[in-house]
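Visitor: Sharing a structure, written as structure tokens. Questions coming.
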Amino acid sequence: MIQIPMRDQNSFVIEAGLEDVTFFLRFDWNSEAGIWVMGIANARNEDIIRGLSLVPNTPLLEQFRHLAVPAGEFVVYANDDDLRIGRDTFLTGAAALYYLTEAEVAALQS
């Protein structure tokens, strides 16, 4: 399990090696909607997914397996399922974004 570091910025990009594949993860705070959204791009910086809302305790990639997304799963872990993810939620530690490898997801499912 890899914790994805969130920054105190409204928009930022992280280069991440996931399952030995390079991806660019883009995070944007949408102040109008009051939500964080994530985008995933491949190593050539070509968009795979854009505008994926970060919601707590829900697998984020499961409906996108037909795309060239990472083999594992992103999950926002929060102690409270009803937690509203705000601008500072990740910075305060009320929630954290993790990437679970394909093997970790398989172990959880068995």
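Naming works like this for the structure tokens: A, B, ... for the chains as they're shown, residue 1 at the start of each chain, ligands 1 onward in shown order.
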Can you list, as a PDB file with C-alpha atoms, in the first residue's frame, every protein, DNA or RNA residue that comes within 8 Å of Gly86 of chain A when you count only C-alpha atoms, leaving out same-chain residues fewer than 4 positions away?

Guide:
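Wrote around.pdb, looks like this:
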ATOM      1  CA  GLY A  34     -16.169  21.807  -2.928  1.00  0.00           C
ATOM      2  CA  ILE A  35     -14.461  18.584  -4.073  1.00  0.00           C
ATOM      3  CA  TRP A  36     -11.045  17.201  -4.960  1.00  0.00           C
TER       4      TRP A  36
END

Visitor: Pick out the residues sitting within 7 Å of Gln3 of chain A, and hand them over as a ChimeraX atom specification; count only C-alpha atoms, and ignore anything fewer than 5 positions along from it in its own chain.

Guide: /A:97-99

Visitor: Give me, please, the distance in Å between atom CA of Arg87 of chain A and atom CA of Arg50 of chain A, quoted to one decimal.

Guide: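 Here the two named atoms are 18.6 Å from each other.
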
Visitor: Just the residues within 9 Å of Gly39 of chain A, please, counting only C-alpha atoms, with nothing from its chain fewer than 3 positions along; format it as a VMD selection string.

Guide: chain A and resid 24 to 28 47 to 52

Visitor: Write out as a compact mmCIF listing (two decimals) with N, CA and C atoms, in the first residue's frame all residues of chain A that backbone DSSP assigns to strand (DSSP E).

Guide:
# COMPACT_ATOMS: atom_id res chain seq x y z
N ILE A 2 0.59 2.15 -0.89
CA ILE A 2 1.39 3.37 -1.05
C ILE A 2 0.51 4.56 -0.73
N GLN A 3 0.94 5.39 0.22
CA GLN A 3 0.19 6.61 0.48
C GLN A 3 0.60 7.66 -0.55
N ILE A 4 -0.41 8.26 -1.18
CA ILE A 4 -0.18 9.31 -2.17
C ILE A 4 -0.13 10.64 -1.43
N SER A 11 -3.89 22.87 -7.11
CA SER A 11 -3.68 22.05 -8.29
C SER A 11 -2.22 21.60 -8.32
N PHE A 12 -2.00 20.30 -8.51
CA PHE A 12 -0.63 19.79 -8.58
C PHE A 12 -0.61 18.45 -9.29
N VAL A 13 0.58 18.05 -9.74
CA VAL A 13 0.78 16.79 -10.45
C VAL A 13 1.88 16.02 -9.74
N ILE A 14 1.67 14.71 -9.62
CA ILE A 14 2.65 13.81 -9.03
C ILE A 14 3.00 12.74 -10.06
N GLU A 15 4.29 12.49 -10.25
CA GLU A 15 4.72 11.35 -11.07
C GLU A 15 4.81 10.14 -10.16
N ALA A 16 4.14 9.06 -10.52
CA ALA A 16 4.09 7.88 -9.65
C ALA A 16 4.40 6.62 -10.44
N GLY A 17 5.30 5.81 -9.91
CA GLY A 17 5.57 4.49 -10.47
C GLY A 17 4.67 3.49 -9.76
N LEU A 18 3.68 2.98 -10.47
CA LEU A 18 2.71 2.05 -9.89
C LEU A 18 2.75 0.75 -10.67
N VAL A 21 4.91 0.82 -13.73
CA VAL A 21 4.45 1.64 -14.84
C VAL A 21 4.38 3.08 -14.35
N THR A 22 4.84 4.02 -15.16
CA THR A 22 4.81 5.43 -14.79
C THR A 22 3.47 6.06 -15.14
N PHE A 23 2.90 6.75 -14.18
CA PHE A 23 1.67 7.50 -14.37
C PHE A 23 1.87 8.91 -13.81
N PHE A 24 1.10 9.84 -14.34
CA PHE A 24 1.04 11.18 -13.77
C PHE A 24 -0.34 11.34 -13.14
N LEU A 25 -0.35 11.69 -11.86
CA LEU A 25 -1.60 11.89 -11.12
C LEU A 25 -1.80 13.38 -10.93
N ARG A 26 -2.92 13.88 -11.42
CA ARG A 26 -3.21 15.31 -11.31
C ARG A 26 -4.34 15.49 -10.31
N PHE A 27 -4.17 16.42 -9.40
CA PHE A 27 -5.17 16.71 -8.38
C PHE A 27 -5.57 18.18 -8.48
N ASP A 28 -6.88 18.40 -8.48
CA ASP A 28 -7.41 19.76 -8.57
C ASP A 28 -8.51 19.95 -7.53
N TRP A 29 -8.44 21.05 -6.80
CA TRP A 29 -9.50 21.42 -5.87
C TRP A 29 -10.52 22.24 -6.65
N ASN A 30 -11.76 21.76 -6.70
CA ASN A 30 -12.84 22.46 -7.37
C ASN A 30 -13.60 23.23 -6.30
N ILE A 35 -14.97 19.96 -3.99
CA ILE A 35 -14.46 18.58 -4.07
C ILE A 35 -13.05 18.57 -4.66
N TRP A 36 -12.31 17.51 -4.30
CA TRP A 36 -11.05 17.20 -4.96
C TRP A 36 -11.35 16.27 -6.13
N VAL A 37 -10.72 16.53 -7.28
CA VAL A 37 -10.82 15.62 -8.41
C VAL A 37 -9.42 15.19 -8.83
N MET A 38 -9.34 13.97 -9.33
CA MET A 38 -8.07 13.39 -9.74
C MET A 38 -8.13 13.04 -11.22
N GLY A 39 -7.01 13.20 -11.87
CA GLY A 39 -6.84 12.75 -13.24
C GLY A 39 -5.65 11.82 -13.31
N ILE A 40 -5.68 10.88 -14.23
CA ILE A 40 -4.57 9.94 -14.41
C ILE A 40 -4.13 10.03 -15.87
N ALA A 41 -2.82 10.21 -16.07
CA ALA A 41 -2.24 10.25 -17.41
C ALA A 41 -1.13 9.22 -17.49
N ASP A 47 -3.99 11.85 -21.26
CA ASP A 47 -5.04 11.59 -20.28
C ASP A 47 -5.66 10.20 -20.44
N ILE A 48 -5.85 9.54 -19.31
CA ILE A 48 -6.57 8.27 -19.27
C ILE A 48 -7.94 8.53 -18.63
N ILE A 49 -7.93 9.25 -17.51
CA ILE A 49 -9.15 9.64 -16.79
C ILE A 49 -8.98 11.08 -16.33
N ARG A 50 -10.07 11.83 -16.38
CA ARG A 50 -10.08 13.20 -15.83
C ARG A 50 -11.33 13.37 -14.98
N GLY A 51 -11.22 14.17 -13.94
CA GLY A 51 -12.38 14.55 -13.16
C GLY A 51 -12.93 13.49 -12.24
N LEU A 52 -12.09 12.59 -11.76
CA LEU A 52 -12.51 11.53 -10.86
C LEU A 52 -12.62 12.09 -9.44
N SER A 53 -13.82 12.15 -8.90
CA SER A 53 -14.07 12.73 -7.59
C SER A 53 -13.52 11.84 -6.49
N GLU A 73 -5.67 -0.31 -7.13
CA GLU A 73 -6.85 0.49 -6.80
C GLU A 73 -6.48 1.68 -5.93
N PHE A 74 -7.12 2.81 -6.19
CA PHE A 74 -7.00 3.99 -5.33
C PHE A 74 -8.18 4.01 -4.38
N VAL A 75 -7.90 4.31 -3.12
CA VAL A 75 -8.96 4.42 -2.11
C VAL A 75 -8.61 5.57 -1.18
N VAL A 76 -9.61 6.41 -0.89
CA VAL A 76 -9.47 7.45 0.13
C VAL A 76 -9.94 6.82 1.43
N TYR A 77 -9.02 6.61 2.36
CA TYR A 77 -9.37 6.04 3.66
C TYR A 77 -9.73 7.16 4.62
N ALA A 78 -10.88 6.99 5.26
CA ALA A 78 -11.33 7.94 6.28
C ALA A 78 -12.03 7.14 7.36
N ALA A 95 -8.33 12.20 6.40
CA ALA A 95 -8.40 11.20 5.32
C ALA A 95 -7.03 11.12 4.66
N ALA A 96 -6.80 10.01 3.97
CA ALA A 96 -5.55 9.81 3.24
C ALA A 96 -5.86 9.02 1.98
N LEU A 97 -5.15 9.35 0.92
CA LEU A 97 -5.30 8.65 -0.36
C LEU A 97 -4.21 7.59 -0.47
N TYR A 98 -4.65 6.34 -0.76
CA TYR A 98 -3.72 5.22 -0.89
C TYR A 98 -3.89 4.55 -2.25
N TYR A 99 -2.79 3.96 -2.71
CA TYR A 99 -2.82 3.07 -3.86
C TYR A 99 -2.54 1.67 -3.34
N LEU A 100 -3.45 0.75 -3.59
CA LEU A 100 -3.26 -0.65 -3.24
C LEU A 100 -2.83 -1.38 -4.50

Visitor: Assign secondary structure with DSSP using the backbone only, and return the residues of chain A in alpha helix (DSSP H) as a ChimeraX atom specification.

Guide: /A:89-92,102-109

Visitor: Write out the residues from the selection above, keeping all heavy atoms, as a PDB file, in the first residue's frame.

Guide:
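For reference, selection_5.pdb as written:
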ATOM      1  N   THR A  89      -8.823  18.472   4.164  1.00  0.00           N
ATOM      2  CA  THR A  89      -9.057  17.171   4.803  1.00  0.00           C
ATOM      3  C   THR A  89      -7.821  16.277   4.792  1.00  0.00           C
ATOM      4  O   THR A  89      -7.513  15.629   5.787  1.00  0.00           O
ATOM      5  CB  THR A  89     -10.238  16.447   4.121  1.00  0.00           C
ATOM      6  OG1 THR A  89     -11.398  17.268   4.233  1.00  0.00           O
ATOM      7  CG2 THR A  89     -10.508  15.105   4.756  1.00  0.00           C
ATOM      8  N   PHE A  90      -7.095  16.248   3.695  1.00  0.00           N
ATOM      9  CA  PHE A  90      -5.904  15.399   3.610  1.00  0.00           C
ATOM     10  C   PHE A  90      -4.768  15.978   4.450  1.00  0.00           C
ATOM     11  O   PHE A  90      -3.983  15.244   5.037  1.00  0.00           O
ATOM     12  CB  PHE A  90      -5.456  15.230   2.159  1.00  0.00           C
ATOM     13  CG  PHE A  90      -6.464  14.486   1.325  1.00  0.00           C
ATOM     14  CD1 PHE A  90      -7.275  15.162   0.425  1.00  0.00           C
ATOM     15  CD2 PHE A  90      -6.616  13.118   1.444  1.00  0.00           C
ATOM     16  CE1 PHE A  90      -8.209  14.489  -0.335  1.00  0.00           C
ATOM     17  CE2 PHE A  90      -7.551  12.424   0.685  1.00  0.00           C
ATOM     18  CZ  PHE A  90      -8.349  13.117  -0.203  1.00  0.00           C
ATOM     19  N   LEU A  91      -4.691  17.292   4.515  1.00  0.00           N
ATOM     20  CA  LEU A  91      -3.618  17.942   5.277  1.00  0.00           C
ATOM     21  C   LEU A  91      -3.795  17.756   6.778  1.00  0.00           C
ATOM     22  O   LEU A  91      -2.817  17.659   7.513  1.00  0.00           O
ATOM     23  CB  LEU A  91      -3.568  19.434   4.944  1.00  0.00           C
ATOM     24  CG  LEU A  91      -3.295  19.762   3.470  1.00  0.00           C
ATOM     25  CD1 LEU A  91      -3.380  21.260   3.234  1.00  0.00           C
ATOM     26  CD2 LEU A  91      -1.947  19.218   3.037  1.00  0.00           C
ATOM     27  N   THR A  92      -5.039  17.696   7.247  1.00  0.00           N
ATOM     28  CA  THR A  92      -5.301  17.523   8.673  1.00  0.00           C
ATOM     29  C   THR A  92      -5.195  16.069   9.117  1.00  0.00           C
ATOM     30  O   THR A  92      -5.191  15.788  10.313  1.00  0.00           O
ATOM     31  CB  THR A  92      -6.702  18.037   9.053  1.00  0.00           C
ATOM     32  OG1 THR A  92      -7.686  17.238   8.401  1.00  0.00           O
ATOM     33  CG2 THR A  92      -6.873  19.507   8.695  1.00  0.00           C
ATOM     34  N   GLU A 102      -2.101  -4.470  -7.172  1.00  0.00           N
ATOM     35  CA  GLU A 102      -2.985  -5.514  -7.693  1.00  0.00           C
ATOM     36  C   GLU A 102      -2.992  -6.723  -6.765  1.00  0.00           C
ATOM     37  O   GLU A 102      -4.042  -7.313  -6.495  1.00  0.00           O
ATOM     38  CB  GLU A 102      -2.536  -5.915  -9.100  1.00  0.00           C
ATOM     39  CG  GLU A 102      -3.427  -6.913  -9.776  1.00  0.00           C
ATOM     40  CD  GLU A 102      -2.980  -7.226 -11.195  1.00  0.00           C
ATOM     41  OE1 GLU A 102      -1.793  -7.052 -11.528  1.00  0.00           O
ATOM     42  OE2 GLU A 102      -3.853  -7.627 -11.987  1.00  0.00           O
ATOM     43  N   ALA A 103      -1.829  -7.092  -6.225  1.00  0.00           N
ATOM     44  CA  ALA A 103      -1.726  -8.235  -5.307  1.00  0.00           C
ATOM     45  C   ALA A 103      -2.471  -7.947  -4.008  1.00  0.00           C
ATOM     46  O   ALA A 103      -3.133  -8.843  -3.463  1.00  0.00           O
ATOM     47  CB  ALA A 103      -0.255  -8.566  -5.030  1.00  0.00           C
ATOM     48  N   GLU A 104      -2.389  -6.728  -3.498  1.00  0.00           N
ATOM     49  CA  GLU A 104      -3.098  -6.376  -2.270  1.00  0.00           C
ATOM     50  C   GLU A 104      -4.611  -6.413  -2.481  1.00  0.00           C
ATOM     51  O   GLU A 104      -5.355  -6.888  -1.609  1.00  0.00           O
ATOM     52  CB  GLU A 104      -2.665  -4.990  -1.775  1.00  0.00           C
ATOM     53  CG  GLU A 104      -1.244  -4.973  -1.251  1.00  0.00           C
ATOM     54  CD  GLU A 104      -0.701  -3.579  -1.016  1.00  0.00           C
ATOM     55  OE1 GLU A 104      -1.071  -2.640  -1.766  1.00  0.00           O
ATOM     56  OE2 GLU A 104       0.114  -3.429  -0.082  1.00  0.00           O
ATOM     57  N   VAL A 105      -5.067  -5.937  -3.624  1.00  0.00           N
ATOM     58  CA  VAL A 105      -6.511  -5.984  -3.933  1.00  0.00           C
ATOM     59  C   VAL A 105      -6.964  -7.423  -4.020  1.00  0.00           C
ATOM     60  O   VAL A 105      -8.010  -7.799  -3.465  1.00  0.00           O
ATOM     61  CB  VAL A 105      -6.817  -5.218  -5.236  1.00  0.00           C
ATOM     62  CG1 VAL A 105      -8.247  -5.437  -5.672  1.00  0.00           C
ATOM     63  CG2 VAL A 105      -6.528  -3.727  -5.072  1.00  0.00           C
ATOM     64  N   ALA A 106      -6.195  -8.279  -4.686  1.00  0.00           N
ATOM     65  CA  ALA A 106      -6.549  -9.697  -4.816  1.00  0.00           C
ATOM     66  C   ALA A 106      -6.620 -10.367  -3.443  1.00  0.00           C
ATOM     67  O   ALA A 106      -7.526 -11.165  -3.173  1.00  0.00           O
ATOM     68  CB  ALA A 106      -5.549 -10.406  -5.721  1.00  0.00           C
ATOM     69  N   ALA A 107      -5.673 -10.042  -2.553  1.00  0.00           N
ATOM     70  CA  ALA A 107      -5.670 -10.624  -1.215  1.00  0.00           C
ATOM     71  C   ALA A 107      -6.905 -10.201  -0.424  1.00  0.00           C
ATOM     72  O   ALA A 107      -7.478 -10.997   0.322  1.00  0.00           O
ATOM     73  CB  ALA A 107      -4.399 -10.228  -0.476  1.00  0.00           C
ATOM     74  N   LEU A 108      -7.326  -8.969  -0.581  1.00  0.00           N
ATOM     75  CA  LEU A 108      -8.515  -8.470   0.110  1.00  0.00           C
ATOM     76  C   LEU A 108      -9.795  -9.125  -0.408  1.00  0.00           C
ATOM     77  O   LEU A 108     -10.752  -9.324   0.335  1.00  0.00           O
ATOM     78  CB  LEU A 108      -8.637  -6.949  -0.025  1.00  0.00           C
ATOM     79  CG  LEU A 108      -7.640  -6.132   0.774  1.00  0.00           C
ATOM     80  CD1 LEU A 108      -7.733  -4.662   0.391  1.00  0.00           C
ATOM     81  CD2 LEU A 108      -7.855  -6.314   2.259  1.00  0.00           C
ATOM     82  N   GLN A 109      -9.802  -9.452  -1.694  1.00  0.00           N
ATOM     83  CA  GLN A 109     -10.979 -10.043  -2.305  1.00  0.00           C
ATOM     84  C   GLN A 109     -11.117 -11.536  -2.033  1.00  0.00           C
ATOM     85  O   GLN A 109     -12.179 -12.109  -2.245  1.00  0.00           O
ATOM     86  CB  GLN A 109     -10.993  -9.787  -3.808  1.00  0.00           C
ATOM     87  CG  GLN A 109     -11.185  -8.322  -4.131  1.00  0.00           C
ATOM     88  CD  GLN A 109     -11.023  -8.003  -5.610  1.00  0.00           C
ATOM     89  OE1 GLN A 109     -10.456  -8.764  -6.371  1.00  0.00           O
ATOM     90  NE2 GLN A 109     -11.531  -6.855  -6.014  1.00  0.00           N
TER      91      GLN A 109
END

Visitor: From the set A:Asn10, A:His66, A:Leu54, A:Leu61, which residue has the shortest atom-to-atom contact distance to Arg84 of chain A, counting only C-alpha atoms?

Guide: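 For Arg84 of chain A, the nearest of the given residues is A:Leu54.
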
Visitor: Expressed in Å to a single decimal, how great is the separation between atom CA of Ile85 of chain A and atom CA of Pro59 of chain A?

Guide: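 The value is 15.3 Å.
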